[in-house]
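First comes the structure, then the notes that go with it.
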Amino acid sequence: MTGVQLVLRSTRVVTPEGTRAASVGVADGRITEVGPHDAPVPAGAQLVDAGDDAVLPGLVDTHVHVNDPGRSHWEGFATATRAAAAGGITTLVDMPLNSLPPTTTVGHLRTKQQSARPQVYVDTGFWGGAVPDNVADLRPLHEAGVFGFKCFLSPSGVEEFPRLGPDELKSALTEIAGFGGLLIVHAEDPAHLDAAPQRGGPAYADFLASRPRAAENDAIDRLIALARELDARVHVLHLSSCDALPALARARREGVALTVETCPHFLTLCAEEVPDGATEFKCCPPIRERANQDALWQGLAEGVVDCVVSDHSPCTADLKDGDFGTAWGGISSLQLGLPAVWSAARERGHTLDDVVRWMSAGPARLAGLDGRKGAVAPGHDADFAVLAPERTFTVDPAGLHHRNPVTAYAGSTLHGVVRSTWLRGERIAEDGRPLRQSGRLIERDGRTVRSEPPGEPDRTAPPR
Ligand SMILES: [Zn+2]
């Protein structure tokens with residue numbers, strides 16, 4: 001281990017080849033070596049011995065609504081990335097909507113980057129948005145480094161980010177496939193939603209009936225057909241309906257360039273247990289029945305679902321008003337995703353290696369950051385989450401760094417305490433306390449954003 005500045009040692013290092021006792025050497029922010037546990041520590045290097053705590057690659061969360069600027073009273077880059085750091089996440093990719101402006105032009109992207117730059121505790125990238133009038137903006141956004149493009153097939157919830165109709169979807173996907181980009185899709189069919197009973201009110205069963213599985217199933221069937229026809233890369237966001245799994249599995253077997261994510265809340269919470277009026281559990285598509293959840297776990301185990309990402313979509317407490325018809329739809333879980341998923345995964349016989357595959361390596365691959373993020377392996381950024389997997393804690397919303405302490409997990413006892421989080425070899429959080437704003441703005445290929453908005457001094461560390 002020559003030139004090594006830091007050695008992180010543990011009896012449980014989660015590597016792509018499995019979990020083993022190892023010493024991880026770090027130089028200039030990158031992992032240089034994953035050697036034997038008892039490897040001698042080079043002169044001048046700092047040794048951090050994590051004991052029996054597990055060393056995971058830092059989590060990559062590709063589905064986060066930061067809402068900054070414009071709705072930063074819902075969430076902002078400082079609060080979101082503090083929560084991320086405290087929760088073991090070292091890279092997040094921000095969704096293009098709920099901020100004002102939405103990320104639908106290069107100018108809007110620059111506005112968002114300018115807002116984010118002085119605030120971030122973890123590495124932060126951006127999805128672009130595909131809306132009905134911006135086909136001409138897609139390629140420039142791609143060239144400016146967005147990770148891909150999000151669109152909605154049903155209303156998004158905010159008027160400045162309209163859904164795509166069938167013809168608009170085809171135009172956008174044709175354009176995106178033309179430059180080898182990725183379309184990520186909120187797949188619910190608006191015709192099914194219009195036809196479903198929209199009762200509103202406090203009863204969760206009424207809300208569930210208003211977002212039927214058929215809306216997801218049909219939208220996904222049409223997406224598969226279009227991806228096949230256009231030979232395009234498509235990612236299904238926040239899969240909730242397990243009924244869509246067989247079609248997704250078949251399409252993947254046939255070579256359609258399709259990836260799929262689901263979310264902690266679909267894997268850990270179920271409709272039977274949502275109290276009436278508890279609109280902190282409202283999200284779209286919705287949390288469904290326990291049997292549906294069992295099937296989603298099966299889909300993960302079989303590899304039909306690639307990743308588990310938060311879909312952290314917060315709002316102020318007053319917008320969670322107890323009426324499922326009018327409350328904002330979105331679940332806050334950025335800081336809690338790892339313990340929530342790990343708690344359920346261990347009960348189902350899964351390992352930390354599985355959790356890392358779903359929450360770090362999988363999202364890194366989706367974002368094109370594999371090779372740089374998502375693995376404890378030589379050449380990767382020295383991004384780590386040190387986790388005490390057997391320790392438990394009870395969720396106290398006051399201990400969360402999210403701007404608004406509203407969470408569906410309040411009072412839950414979860415397994416897995418994040419002891420510390422490391423970004424490029426630097427400790428950025430310890431025992432739930434964020435320590436430093438060492439995050440960089442990143443682009444699709446993993447490069448640091450270099451271009452400066454006019455008149456803005458660079459407040460991040462220089463790119464290497
Ligand atoms: Zn979302």
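For the structure tokens, the naming scheme is as follows: chains receive sequential letters (A, B, ...) according to their order of presentation, residues are indexed from 1 within each chain, and ligands are indexed from 1 in presentation order.
For range 285-287 of chain A, the non-local neighbours within 8 Å, defined as residues at least 5 positions apart in the same chain or in other chains and counting only C-alpha atoms, are Glu188, Leu208, Arg211, Glu216, His238, Leu239, Ser240, His265, Phe266, Leu269, Cys270 and Ala271 of chain A.
Once only C-alpha atoms and all ligand atoms are used for the distance check, the residues close to ligand 1 at 7 Å turn out to be A:His63, A:Val64, A:His65, A:Met95, A:Asp311, A:His312, A:Ser313.
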Next, dump the selected residues to file, keeping only N, CA and C atoms, as a PDB file, in the first residue's frame.
ATOM      1  N   HIS A  63     -33.088   9.045  -6.954  1.00  0.00           N
ATOM      2  CA  HIS A  63     -34.466   9.569  -7.013  1.00  0.00           C
ATOM      3  C   HIS A  63     -34.748  10.450  -5.799  1.00  0.00           C
ATOM      4  N   VAL A  64     -34.342  11.719  -5.893  1.00  0.00           N
ATOM      5  CA  VAL A  64     -34.503  12.667  -4.790  1.00  0.00           C
ATOM      6  C   VAL A  64     -35.093  13.968  -5.343  1.00  0.00           C
ATOM      7  N   HIS A  65     -36.164  14.433  -4.720  1.00  0.00           N
ATOM      8  CA  HIS A  65     -36.750  15.731  -5.075  1.00  0.00           C
ATOM      9  C   HIS A  65     -36.244  16.756  -4.062  1.00  0.00           C
ATOM     10  N   MET A  95     -34.246  15.203  -8.912  1.00  0.00           N
ATOM     11  CA  MET A  95     -35.323  15.152  -9.907  1.00  0.00           C
ATOM     12  C   MET A  95     -35.606  16.551 -10.467  1.00  0.00           C
ATOM     13  N   ASP A 311     -37.108   8.034  -3.658  1.00  0.00           N
ATOM     14  CA  ASP A 311     -38.202   8.920  -4.070  1.00  0.00           C
ATOM     15  C   ASP A 311     -38.563   9.865  -2.922  1.00  0.00           C
ATOM     16  N   HIS A 312     -37.539  10.379  -2.266  1.00  0.00           N
ATOM     17  CA  HIS A 312     -37.740  11.385  -1.208  1.00  0.00           C
ATOM     18  C   HIS A 312     -38.437  12.588  -1.825  1.00  0.00           C
ATOM     19  N   SER A 313     -39.682  12.819  -1.435  1.00  0.00           N
ATOM     20  CA  SER A 313     -40.444  13.926  -2.025  1.00  0.00           C
ATOM     21  C   SER A 313     -41.228  14.637  -0.933  1.00  0.00           C
TER      22      SER A 313
END
List as a Markdown table every residue of range 62-174 of chain A that is in contact with range 379-390 of chain A, defined as an atom at most 8 Å from one of its atoms (using only C-alpha atoms), together with the nearest atom pair and the distance in Å rounded to one decimal, sorted by chain and then rising number.
| residue | atom | partner | partner_atom | distance |
| --- | --- | --- | --- | --- |
| A:Gly88 | CA | A:Ala385 | CA | 4.8 |
| A:Ile89 | CA | A:Ala385 | CA | 7.3 |
| A:Thr90 | CA | A:Asp383 | CA | 6.4 |
Emit the selected residues as a PDB file, in the first residue's frame, including C-alpha atoms.
ATOM      1  CA  GLY A  88     -24.986   6.843   4.477  1.00  0.00           C
ATOM      2  CA  ILE A  89     -25.715   8.294   1.018  1.00  0.00           C
ATOM      3  CA  THR A  90     -22.725   9.845  -0.757  1.00  0.00           C
TER       4      THR A  90
END
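Of the listed residues A:Leu8, A:Leu100, A:Ile176, A:Leu164, the one whose atoms come nearest to Arg139 in chain A is A:Ile176, with distances taken using only C-alpha atoms.
Closest approach to Leu169 in chain A among A:Gln114, A:Ser154, A:Ser10, A:Thr326: A:Ser154, based on only C-alpha atoms.
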Contact residues around range 195-198 of chain A with only C-alpha atoms at 8 Å, ignoring same-chain residues under 4 positions, as a ChimeraX atom specification: /A:191,206-207,209-212,325
Which neighbours of Trp297 in chain A fall inside 9 Å, counting only C-alpha atoms, when residues of the same chain fewer than 4 positions from it are skipped, and could you give them as JSON, numbers by chain? {"A": [267, 292, 293, 301, 302, 305, 345, 348]}
Using only C-alpha atoms, which residues sit within 6 Å of Val13 in chain A once same-chain residues fewer than 6 positions away are excluded, as a VMD selection string? chain A and resid 19 to 21 54 to 55
Which residues, written as a PyMOL selection string, have at least one atom at most 8 Å from range 116-133 of chain A, with only C-alpha atoms counted and residues fewer than 6 positions away on the same chain left out? chain A and resi 68+77-78+81-82+84-85+89-97+102-105+109+141-142+146-151+161-165+168+172+423+428+434+436-444+459-460
How would the residues just chosen look if you wrote them out with N, CA and C atoms as a short mmCIF file (atom, residue, chain, number, x, y, z; two decimals), in the first residue's frame?
data_model
loop_
_atom_site.label_atom_id
_atom_site.label_comp_id
_atom_site.auth_asym_id
_atom_site.auth_seq_id
_atom_site.Cartn_x
_atom_site.Cartn_y
_atom_site.Cartn_z
N ASP A 68 -35.19 22.84 -4.82
CA ASP A 68 -34.44 24.07 -4.58
C ASP A 68 -33.81 24.51 -5.90
N PHE A 77 -31.05 22.08 -0.90
CA PHE A 77 -29.84 21.29 -1.11
C PHE A 77 -29.07 21.07 0.20
N ALA A 78 -29.02 22.08 1.08
CA ALA A 78 -28.27 21.88 2.33
C ALA A 78 -28.96 20.83 3.19
N THR A 81 -28.96 17.23 1.51
CA THR A 81 -27.66 16.55 1.46
C THR A 81 -27.09 16.30 2.86
N ARG A 82 -27.51 17.09 3.85
CA ARG A 82 -27.17 16.76 5.25
C ARG A 82 -27.84 15.45 5.64
N ALA A 84 -28.84 13.12 3.63
CA ALA A 84 -28.21 12.06 2.86
C ALA A 84 -26.92 11.60 3.55
N ALA A 85 -26.08 12.57 3.91
CA ALA A 85 -24.80 12.23 4.55
C ALA A 85 -25.04 11.47 5.86
N ILE A 89 -25.67 8.04 2.47
CA ILE A 89 -25.71 8.29 1.02
C ILE A 89 -24.60 9.28 0.66
N THR A 90 -23.83 8.96 -0.36
CA THR A 90 -22.73 9.85 -0.76
C THR A 90 -22.93 10.48 -2.12
N THR A 91 -23.91 9.97 -2.88
CA THR A 91 -24.23 10.57 -4.18
C THR A 91 -25.74 10.61 -4.33
N LEU A 92 -26.27 11.75 -4.73
CA LEU A 92 -27.69 11.79 -5.07
C LEU A 92 -27.89 12.48 -6.41
N VAL A 93 -28.97 12.09 -7.08
CA VAL A 93 -29.33 12.73 -8.34
C VAL A 93 -30.72 13.34 -8.16
N ASP A 94 -30.79 14.63 -8.42
CA ASP A 94 -31.98 15.44 -8.14
C ASP A 94 -32.99 15.34 -9.28
N MET A 95 -34.25 15.20 -8.91
CA MET A 95 -35.32 15.15 -9.91
C MET A 95 -35.61 16.55 -10.47
N PRO A 96 -36.10 16.60 -11.73
CA PRO A 96 -36.20 17.90 -12.40
C PRO A 96 -37.43 18.71 -12.03
N LEU A 97 -38.30 18.18 -11.17
CA LEU A 97 -39.50 18.95 -10.87
C LEU A 97 -39.68 19.18 -9.38
N PRO A 102 -38.21 24.26 -13.15
CA PRO A 102 -37.91 22.84 -13.35
C PRO A 102 -36.71 22.70 -14.30
N THR A 103 -36.04 21.55 -14.28
CA THR A 103 -34.80 21.38 -15.06
C THR A 103 -35.13 20.96 -16.49
N THR A 104 -35.72 21.89 -17.24
CA THR A 104 -36.18 21.56 -18.59
C THR A 104 -35.42 22.30 -19.69
N THR A 105 -34.48 23.17 -19.31
CA THR A 105 -33.60 23.83 -20.29
C THR A 105 -32.20 23.91 -19.66
N LEU A 109 -31.02 24.41 -15.75
CA LEU A 109 -30.03 23.54 -15.10
C LEU A 109 -28.96 24.38 -14.42
N LEU A 141 -29.37 19.64 -23.10
CA LEU A 141 -29.31 19.22 -21.70
C LEU A 141 -28.41 17.99 -21.54
N HIS A 142 -28.55 17.05 -22.48
CA HIS A 142 -27.71 15.85 -22.46
C HIS A 142 -26.24 16.25 -22.53
N VAL A 146 -26.73 16.24 -17.90
CA VAL A 146 -27.78 15.61 -17.10
C VAL A 146 -27.71 14.09 -17.29
N PHE A 147 -28.24 13.36 -16.32
CA PHE A 147 -28.09 11.90 -16.30
C PHE A 147 -29.12 11.20 -17.17
N GLY A 148 -30.13 11.93 -17.61
CA GLY A 148 -31.21 11.37 -18.40
C GLY A 148 -32.40 12.29 -18.23
N PHE A 149 -33.58 11.82 -18.64
CA PHE A 149 -34.75 12.70 -18.68
C PHE A 149 -35.94 12.03 -18.02
N LYS A 150 -36.59 12.79 -17.14
CA LYS A 150 -37.79 12.26 -16.50
C LYS A 150 -39.03 12.79 -17.20
N CYS A 151 -40.02 11.91 -17.35
CA CYS A 151 -41.33 12.38 -17.81
C CYS A 151 -42.42 11.70 -17.02
N PHE A 161 -44.85 21.36 -14.74
CA PHE A 161 -44.20 20.17 -15.29
C PHE A 161 -45.29 19.24 -15.85
N PRO A 162 -45.82 19.60 -17.07
CA PRO A 162 -46.94 18.83 -17.62
C PRO A 162 -46.51 17.43 -18.06
N ARG A 163 -47.51 16.55 -18.09
CA ARG A 163 -47.27 15.18 -18.52
C ARG A 163 -47.10 15.13 -20.04
N LEU A 164 -46.54 14.03 -20.54
CA LEU A 164 -46.47 13.80 -21.97
C LEU A 164 -47.65 12.95 -22.41
N GLY A 165 -48.32 13.37 -23.48
CA GLY A 165 -49.32 12.53 -24.12
C GLY A 165 -48.61 11.49 -24.98
N GLU A 168 -46.39 12.89 -27.77
CA GLU A 168 -45.26 13.63 -27.18
C GLU A 168 -44.24 12.67 -26.58
N ALA A 172 -40.35 12.53 -27.79
CA ALA A 172 -39.25 12.71 -26.82
C ALA A 172 -38.34 11.49 -26.83
N LEU A 423 -16.78 10.57 2.12
CA LEU A 423 -16.82 10.97 0.71
C LEU A 423 -15.40 11.27 0.25
N ILE A 428 -17.67 12.75 6.30
CA ILE A 428 -18.64 13.85 6.12
C ILE A 428 -19.80 13.78 7.10
N PRO A 434 -24.01 15.60 10.37
CA PRO A 434 -23.24 15.97 9.17
C PRO A 434 -22.08 16.86 9.58
N ARG A 436 -19.29 18.13 7.08
CA ARG A 436 -18.74 19.12 6.14
C ARG A 436 -19.36 19.02 4.76
N GLN A 437 -19.38 20.21 4.12
CA GLN A 437 -19.99 20.33 2.78
C GLN A 437 -18.94 20.03 1.72
N SER A 438 -18.59 18.74 1.61
CA SER A 438 -17.54 18.35 0.67
C SER A 438 -18.09 17.85 -0.65
N GLY A 439 -19.40 17.94 -0.84
CA GLY A 439 -19.98 17.43 -2.07
C GLY A 439 -19.57 18.25 -3.29
N ARG A 440 -19.57 17.58 -4.42
CA ARG A 440 -19.31 18.27 -5.69
C ARG A 440 -20.53 18.08 -6.59
N LEU A 441 -20.66 18.99 -7.54
CA LEU A 441 -21.69 18.80 -8.56
C LEU A 441 -21.10 17.92 -9.65
N ILE A 442 -21.84 16.86 -10.01
CA ILE A 442 -21.29 15.90 -10.96
C ILE A 442 -22.16 15.79 -12.21
N GLU A 443 -21.53 15.33 -13.27
CA GLU A 443 -22.21 15.14 -14.55
C GLU A 443 -22.34 13.66 -14.86
N ARG A 444 -23.05 13.37 -15.94
CA ARG A 444 -23.40 12.00 -16.29
C ARG A 444 -22.21 11.06 -16.35
N ARG A 459 -16.87 27.57 -5.13
CA ARG A 459 -16.71 27.31 -3.71
C ARG A 459 -16.52 25.82 -3.41
N THR A 460 -16.35 25.03 -4.46
CA THR A 460 -16.06 23.62 -4.21
C THR A 460 -14.56 23.40 -4.34
#
When you look at Ile220 in chain A with a cut-off of 12 Å (counting only C-alpha atoms), what residues show up, excluding the ones that are within fewer than 2 positions of it in the same chain? I need them as a PyMOL selection string. chain A and resi 153+184-189+213-218+222-227+234-249+251+258-260
C-alpha atoms of the current selection, written as a PDB file, in the first residue's frame:
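That gives us result-v8.pdb:
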ATOM      1  CA  LEU A 153     -47.596   9.901 -18.237  1.00  0.00           C
ATOM      2  CA  ILE A 184     -37.011   7.617 -16.796  1.00  0.00           C
ATOM      3  CA  VAL A 185     -40.765   7.413 -16.499  1.00  0.00           C
ATOM      4  CA  HIS A 186     -43.492   7.894 -13.921  1.00  0.00           C
ATOM      5  CA  ALA A 187     -45.708   5.199 -15.405  1.00  0.00           C
ATOM      6  CA  GLU A 188     -49.372   5.528 -14.507  1.00  0.00           C
ATOM      7  CA  ASP A 189     -52.021   5.676 -17.235  1.00  0.00           C
ATOM      8  CA  ARG A 213     -52.673  -1.354 -10.304  1.00  0.00           C
ATOM      9  CA  ALA A 214     -54.086  -1.383 -13.834  1.00  0.00           C
ATOM     10  CA  ALA A 215     -52.915   2.229 -14.286  1.00  0.00           C
ATOM     11  CA  GLU A 216     -49.326   1.124 -13.748  1.00  0.00           C
ATOM     12  CA  ASN A 217     -49.640  -2.186 -15.572  1.00  0.00           C
ATOM     13  CA  ASP A 218     -51.020  -0.678 -18.786  1.00  0.00           C
ATOM     14  CA  ARG A 222     -47.039   0.562 -23.521  1.00  0.00           C
ATOM     15  CA  LEU A 223     -43.589   1.719 -22.438  1.00  0.00           C
ATOM     16  CA  ILE A 224     -42.146  -1.729 -23.098  1.00  0.00           C
ATOM     17  CA  ALA A 225     -43.670  -1.725 -26.585  1.00  0.00           C
ATOM     18  CA  LEU A 226     -42.283   1.735 -27.323  1.00  0.00           C
ATOM     19  CA  ALA A 227     -38.803   0.947 -25.970  1.00  0.00           C
ATOM     20  CA  VAL A 234     -36.201   3.268 -20.596  1.00  0.00           C
ATOM     21  CA  HIS A 235     -36.243   3.151 -16.797  1.00  0.00           C
ATOM     22  CA  VAL A 236     -39.426   2.506 -14.829  1.00  0.00           C
ATOM     23  CA  LEU A 237     -39.536   4.703 -11.732  1.00  0.00           C
ATOM     24  CA  HIS A 238     -40.973   3.644  -8.354  1.00  0.00           C
ATOM     25  CA  LEU A 239     -42.603   0.356  -9.351  1.00  0.00           C
ATOM     26  CA  SER A 240     -45.463  -0.349  -6.976  1.00  0.00           C
ATOM     27  CA  SER A 241     -47.729  -2.827  -8.814  1.00  0.00           C
ATOM     28  CA  CYS A 242     -46.286  -6.348  -8.708  1.00  0.00           C
ATOM     29  CA  ASP A 243     -48.640  -7.305 -11.557  1.00  0.00           C
ATOM     30  CA  ALA A 244     -46.220  -5.608 -13.965  1.00  0.00           C
ATOM     31  CA  LEU A 245     -43.294  -7.863 -12.985  1.00  0.00           C
ATOM     32  CA  PRO A 246     -43.951 -10.729 -15.456  1.00  0.00           C
ATOM     33  CA  ALA A 247     -44.104  -8.337 -18.436  1.00  0.00           C
ATOM     34  CA  LEU A 248     -40.951  -6.572 -17.267  1.00  0.00           C
ATOM     35  CA  ALA A 249     -39.129  -9.887 -16.791  1.00  0.00           C
ATOM     36  CA  ALA A 251     -39.091  -7.853 -21.937  1.00  0.00           C
ATOM     37  CA  LEU A 258     -35.306  -1.706 -19.608  1.00  0.00           C
ATOM     38  CA  THR A 259     -34.404  -1.077 -15.968  1.00  0.00           C
ATOM     39  CA  VAL A 260     -36.673  -0.885 -12.939  1.00  0.00           C
TER      40      VAL A 260
END
